[in-house]
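Containing mmCIF, C-alpha atoms: start21.cif.
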```cif
data_query
#
loop_
_atom_site.label_atom_id
_atom_site.label_comp_id
_atom_site.auth_asym_id
_atom_site.auth_seq_id
_atom_site.Cartn_x
_atom_site.Cartn_y
_atom_site.Cartn_z
CA MET A 160 -4.01 -11.91 3.28
CA MET A 161 -4.66 -12.16 -0.43
CA ALA A 162 -7.14 -9.29 -0.36
CA VAL A 163 -4.55 -6.96 1.16
CA GLN A 164 -2.08 -8.09 -1.47
CA ASP A 165 -4.66 -7.26 -4.18
CA SER A 166 -4.89 -3.70 -2.88
CA MET A 167 -1.13 -3.39 -2.62
CA ASP A 168 -0.66 -4.70 -6.16
CA VAL A 169 -3.07 -2.07 -7.50
CA LEU A 170 -1.48 0.74 -5.52
CA SER A 171 2.14 -0.30 -5.55
CA GLY A 172 4.88 1.08 -7.74
CA LYS A 173 6.24 4.60 -7.88
CA TRP A 174 3.55 6.31 -9.95
CA LYS A 175 0.06 4.83 -9.46
CA ILE A 176 -1.03 6.87 -6.50
CA SER A 177 0.28 10.11 -8.01
CA ILE A 178 -1.63 9.39 -11.24
CA ILE A 179 -4.84 8.54 -9.40
CA SER A 180 -4.47 11.67 -7.23
CA SER A 181 -3.89 13.89 -10.26
CA ILE A 182 -6.95 12.59 -12.11
CA CYS A 183 -9.00 12.61 -8.92
CA TYR A 184 -8.02 16.18 -8.00
CA TYR A 185 -9.23 17.57 -11.33
CA SER A 186 -12.00 14.91 -11.76
CA ARG A 187 -11.12 14.81 -15.50
CA ARG A 188 -7.61 15.02 -16.83
CA ARG A 189 -5.94 14.83 -20.25
CA PHE A 190 -2.86 12.69 -20.85
CA SER A 191 -0.57 15.70 -21.34
CA ASP A 192 -1.85 17.31 -18.13
CA VAL A 193 -1.19 14.19 -16.08
CA LEU A 194 2.26 14.06 -17.63
CA ASN A 195 2.91 17.62 -16.43
CA ASP A 196 1.46 16.95 -12.99
CA ILE A 197 3.98 14.23 -12.22
CA PRO A 198 7.64 15.26 -12.41
CA GLY A 199 9.93 12.50 -13.68
CA ILE A 200 7.39 10.22 -15.31
CA SER A 201 8.03 9.37 -18.96
CA ASN A 202 5.41 9.34 -21.69
CA LYS A 203 5.90 5.57 -22.10
CA MET A 204 5.60 4.88 -18.35
CA LEU A 205 2.46 6.99 -18.04
CA SER A 206 0.84 5.11 -20.92
CA LYS A 207 1.67 1.78 -19.31
CA GLU A 208 0.38 2.82 -15.86
CA LEU A 209 -2.82 4.29 -17.31
CA LYS A 210 -3.40 1.05 -19.24
CA GLU A 211 -3.07 -0.96 -16.00
CA LEU A 212 -5.43 1.37 -14.13
CA GLU A 213 -7.92 0.97 -16.98
CA ILE A 214 -7.65 -2.85 -16.90
CA ASN A 215 -8.26 -2.64 -13.15
CA LYS A 216 -11.42 -0.62 -13.92
CA LEU A 217 -10.19 2.31 -11.82
CA ILE A 218 -10.19 4.89 -14.62
CA LYS A 219 -12.16 5.47 -17.79
CA ARG A 220 -10.61 6.69 -21.05
CA THR A 221 -12.44 9.04 -23.46
CA VAL A 222 -11.16 10.10 -26.89
CA LEU A 223 -12.17 13.71 -27.61
CA GLU A 224 -12.90 14.75 -31.22
CA THR A 225 -10.44 17.64 -31.06
CA GLN A 226 -7.76 18.57 -33.63
CA PRO A 227 -5.35 17.00 -32.81
CA ILE A 228 -7.27 14.24 -30.99
CA THR A 229 -6.94 14.38 -27.19
CA VAL A 230 -7.49 11.56 -24.72
CA GLN A 231 -9.11 12.27 -21.38
CA TYR A 232 -9.18 10.17 -18.20
CA GLU A 233 -11.53 10.13 -15.22
CA LEU A 234 -11.99 7.92 -12.19
CA THR A 235 -14.71 5.30 -12.44
CA ASP A 236 -17.05 4.88 -9.44
CA HIS A 237 -14.86 1.98 -8.42
CA GLY A 238 -11.79 4.20 -8.77
CA LYS A 239 -13.39 6.80 -6.51
CA THR A 240 -13.57 4.22 -3.70
CA LEU A 241 -9.77 4.44 -3.63
CA GLN A 242 -9.95 7.99 -2.34
CA THR A 243 -10.61 6.91 1.24
CA ILE A 244 -7.73 4.45 1.12
CA ILE A 245 -5.40 7.12 -0.23
CA ARG A 246 -6.59 9.62 2.38
CA ASN A 247 -5.98 7.05 5.17
CA LEU A 248 -2.54 6.21 3.79
CA THR A 249 -1.72 9.93 3.64
CA ALA A 250 -2.84 10.56 7.21
CA TRP A 251 -0.97 7.51 8.48
CA GLY A 252 2.15 8.47 6.54
CA ILE A 253 2.17 11.93 8.14
CA GLU A 254 1.82 10.42 11.64
CA HIS A 255 4.49 7.86 10.87
CA ARG A 256 6.97 10.49 9.67
CA LYS A 257 6.38 12.53 12.87
CA LYS A 258 6.89 9.38 14.97
CA ILE A 259 10.15 8.46 13.25
CA THR A 260 11.69 11.93 13.05
CA ASN A 261 10.66 13.22 16.49
CA GLU A 262 12.04 10.46 18.70
CA MET B 215 2.23 12.60 -2.09
CA MET B 216 5.28 11.92 0.03
CA ALA B 217 3.16 10.90 3.00
CA VAL B 218 1.38 8.24 0.94
CA GLN B 219 4.75 7.04 -0.30
CA ASP B 220 5.92 6.76 3.34
CA SER B 221 3.01 4.46 4.13
CA MET B 222 3.58 2.42 0.99
CA ASP B 223 7.29 2.06 1.76
CA VAL B 224 6.48 0.72 5.24
CA LEU B 225 3.84 -1.68 3.95
CA SER B 226 5.31 -2.66 0.62
CA GLY B 227 7.09 -5.85 -0.19
CA LYS B 228 5.82 -9.40 -0.11
CA TRP B 229 5.99 -10.09 3.64
CA LYS B 230 5.45 -7.03 5.82
CA ILE B 231 1.70 -7.13 6.05
CA SER B 232 1.66 -10.88 6.72
CA ILE B 233 4.21 -10.43 9.53
CA ILE B 234 2.29 -7.52 11.08
CA SER B 235 -0.97 -9.48 10.82
CA SER B 236 0.59 -12.58 12.44
CA ILE B 237 1.99 -10.60 15.40
CA CYS B 238 -1.18 -8.53 15.64
CA TYR B 239 -3.49 -11.57 15.61
CA TYR B 240 -1.73 -13.20 18.59
CA SER B 241 -0.73 -9.82 20.19
CA ARG B 242 2.63 -11.42 21.12
CA ARG B 243 4.52 -13.80 18.85
CA ARG B 244 7.85 -15.60 18.95
CA PHE B 245 10.21 -15.62 15.96
CA SER B 246 9.68 -19.33 15.29
CA ASP B 247 5.88 -18.92 15.44
CA VAL B 248 5.91 -16.08 12.91
CA LEU B 249 8.14 -18.23 10.72
CA ASN B 250 5.52 -21.00 10.81
CA ASP B 251 2.65 -18.58 10.25
CA ILE B 252 4.01 -17.41 6.91
CA PRO B 253 4.57 -20.12 4.31
CA GLY B 254 7.57 -19.50 2.07
CA ILE B 255 9.42 -16.94 4.15
CA SER B 256 13.04 -17.79 4.99
CA ASN B 257 14.68 -17.37 8.38
CA LYS B 258 17.00 -14.73 6.93
CA MET B 259 14.19 -12.78 5.24
CA LEU B 260 12.07 -12.79 8.41
CA SER B 261 14.99 -11.45 10.43
CA LYS B 262 15.53 -8.65 7.92
CA GLU B 263 11.85 -7.71 7.78
CA LEU B 264 11.49 -7.76 11.57
CA LYS B 265 14.57 -5.51 11.86
CA GLU B 266 12.99 -2.99 9.45
CA LEU B 267 9.68 -3.06 11.34
CA GLU B 268 11.61 -2.44 14.56
CA ILE B 269 13.53 0.50 13.04
CA ASN B 270 10.16 1.89 11.91
CA LYS B 271 8.99 1.59 15.55
CA LEU B 272 6.09 -0.67 14.56
CA ILE B 273 7.12 -3.66 16.67
CA LYS B 274 8.96 -4.20 19.94
CA ARG B 275 11.43 -7.03 20.52
CA THR B 276 11.78 -8.79 23.89
CA VAL B 277 14.42 -11.44 24.73
CA LEU B 278 12.94 -14.07 27.08
CA GLU B 279 15.22 -15.75 29.65
CA THR B 280 14.26 -19.24 28.47
CA GLN B 281 16.58 -22.16 27.71
CA PRO B 282 17.32 -21.82 24.84
CA ILE B 283 16.70 -18.05 24.70
CA THR B 284 13.56 -17.06 22.75
CA VAL B 285 12.79 -13.70 21.19
CA GLN B 286 9.27 -12.34 21.27
CA TYR B 287 7.69 -9.58 19.19
CA GLU B 288 4.66 -7.40 19.78
CA LEU B 289 3.13 -4.37 18.08
CA THR B 290 3.97 -1.00 19.58
CA ASP B 291 1.12 1.49 20.03
CA HIS B 292 2.27 3.07 16.80
CA GLY B 293 2.21 -0.37 15.14
CA LYS B 294 -1.36 -0.88 16.30
CA THR B 295 -2.45 2.19 14.32
CA LEU B 296 -1.66 0.15 11.21
CA GLN B 297 -4.54 -2.18 11.96
CA THR B 298 -7.14 0.20 10.52
CA ILE B 299 -5.08 0.69 7.37
CA ILE B 300 -4.72 -3.07 6.93
CA ARG B 301 -8.44 -3.57 7.58
CA ASN B 302 -9.30 -0.92 4.96
CA LEU B 303 -6.88 -2.42 2.45
CA THR B 304 -8.41 -5.86 3.07
CA ALA B 305 -11.96 -4.63 2.60
CA TRP B 306 -11.02 -2.69 -0.52
CA GLY B 307 -9.11 -5.67 -1.92
CA ILE B 308 -12.16 -7.91 -1.52
CA GLU B 309 -14.39 -5.38 -3.30
CA HIS B 310 -11.81 -4.92 -6.02
CA ARG B 311 -11.52 -8.66 -6.67
CA LYS B 312 -15.33 -8.93 -6.95
CA LYS B 313 -15.37 -5.99 -9.36
CA ILE B 314 -12.66 -7.44 -11.58
CA THR B 315 -13.84 -11.05 -11.61
CA ASN B 316 -17.61 -10.45 -11.85
CA GLU B 317 -17.86 -8.18 -14.89
#
```
Please rewrite the model in this file as structure tokens.
Amino acid sequence: MMAVQDSMDVLSGKWKISIISSICYYSRRRFSDVLNDIPGISNKMLSKELKELEINKLIKRTVLETQPITVQYELTDHGKTLQTIIRNLTAWGIEHRKKITNE
Amino acid sequence: MMAVQDSMDVLSGKWKISIISSICYYSRRRFSDVLNDIPGISNKMLSKELKELEINKLIKRTVLETQPITVQYELTDHGKTLQTIIRNLTAWGIEHRKKITNE
């Protein structure tokens, strides 16, 4: 039971999956791009969520020597293992919505 | 993104996955048994969670003509499709915990 809860803790909350999907879709993504990808998320919230994903070793942060400095994120190998989970959750969610709305 | 959110909404919260796993493990489970299976859950909370799972067509409720009356729950076919998701989340959670605690 605890293991499932671990997964849920990592994935739960309004933004995590959208952030992971945005970084994953482009394989590398700058902070400002992720911010634009996700309507409604604040700068502060995105920073907090990215920090948590980093602590959970799901993403890697790289500071680019640009002027001004830019920060880039990419999925770690461990983070990439989430893709199957997210794909399964997506597929199940689509089925579930059909089930609930059709009958 | 919405589809993933649908799945997360159905699975989120402290108790849902434990309740589904308890019913799923025994294939049919009475209210009082589920209550005993899950340490810390209150009678009121279990009723609420079971109601939500029923609305989401994941479990089926049967009233047994016993004295006193007992209510039994089982997974619907749709509910059974959750088993793979829960298995994947469990496996991923175990890997994740190893990853975080080992390094």
note - atom CA of Ser191 of chain A and atom CA of Leu205 of chain A are separated by 9.8 Å
*asked:* Taking all atoms listed in the file into account and nothing else, which residues of chain B lie no more than 6 Å away from chain A? Please answer as a list in words.
replied: Ala217, Val218, Asp220, Ser221, Leu303, Thr304, Gly307 and Ile308 of chain B
inquiry  = Can you tell me which residues surround Ile252 of chain B at a distance of at most 9 Å, considering only C-alpha atoms, apart from same-chain residues fewer than 2 positions away, and format the answer as a list in words?
reply    = Trp229, Ser232, Ile233, Ser236, Asp247, Val248, Leu249, Asn250, Gly254 and Ile255 of chain B
ask   = Which value, in Å to one decimal, gives the distance between atom CA of Ile234 of chain B and atom CA of Lys239 of chain A?
value =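 Pair atom CA of Ile234 of chain B / atom CA of Lys239 of chain A returns 27.6 Å.
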Closest of A:Met204, A:Ile182, A:Ile218, A:Leu223 to Asp236 of chain A, counting all atoms listed in the file, is A:Ile218
Review point. When the PyMOL selection byres ((chain A and resi 221) around 7) is applied to the file above, which residues end up in the set, as a PyMOL selection string?
Key: chain A and resi 219-220+222-223+230-232
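The smallest atom-to-atom distance between Glu211 of chain A and any of A:Asp196, A:Lys175, A:Phe190, A:Gln226, using all atoms listed in the file, is found for A:Lys175.
Going from atom CA of Cys238 of chain B over to atom CA of Glu268 of chain B, you cover 14.2 Å.
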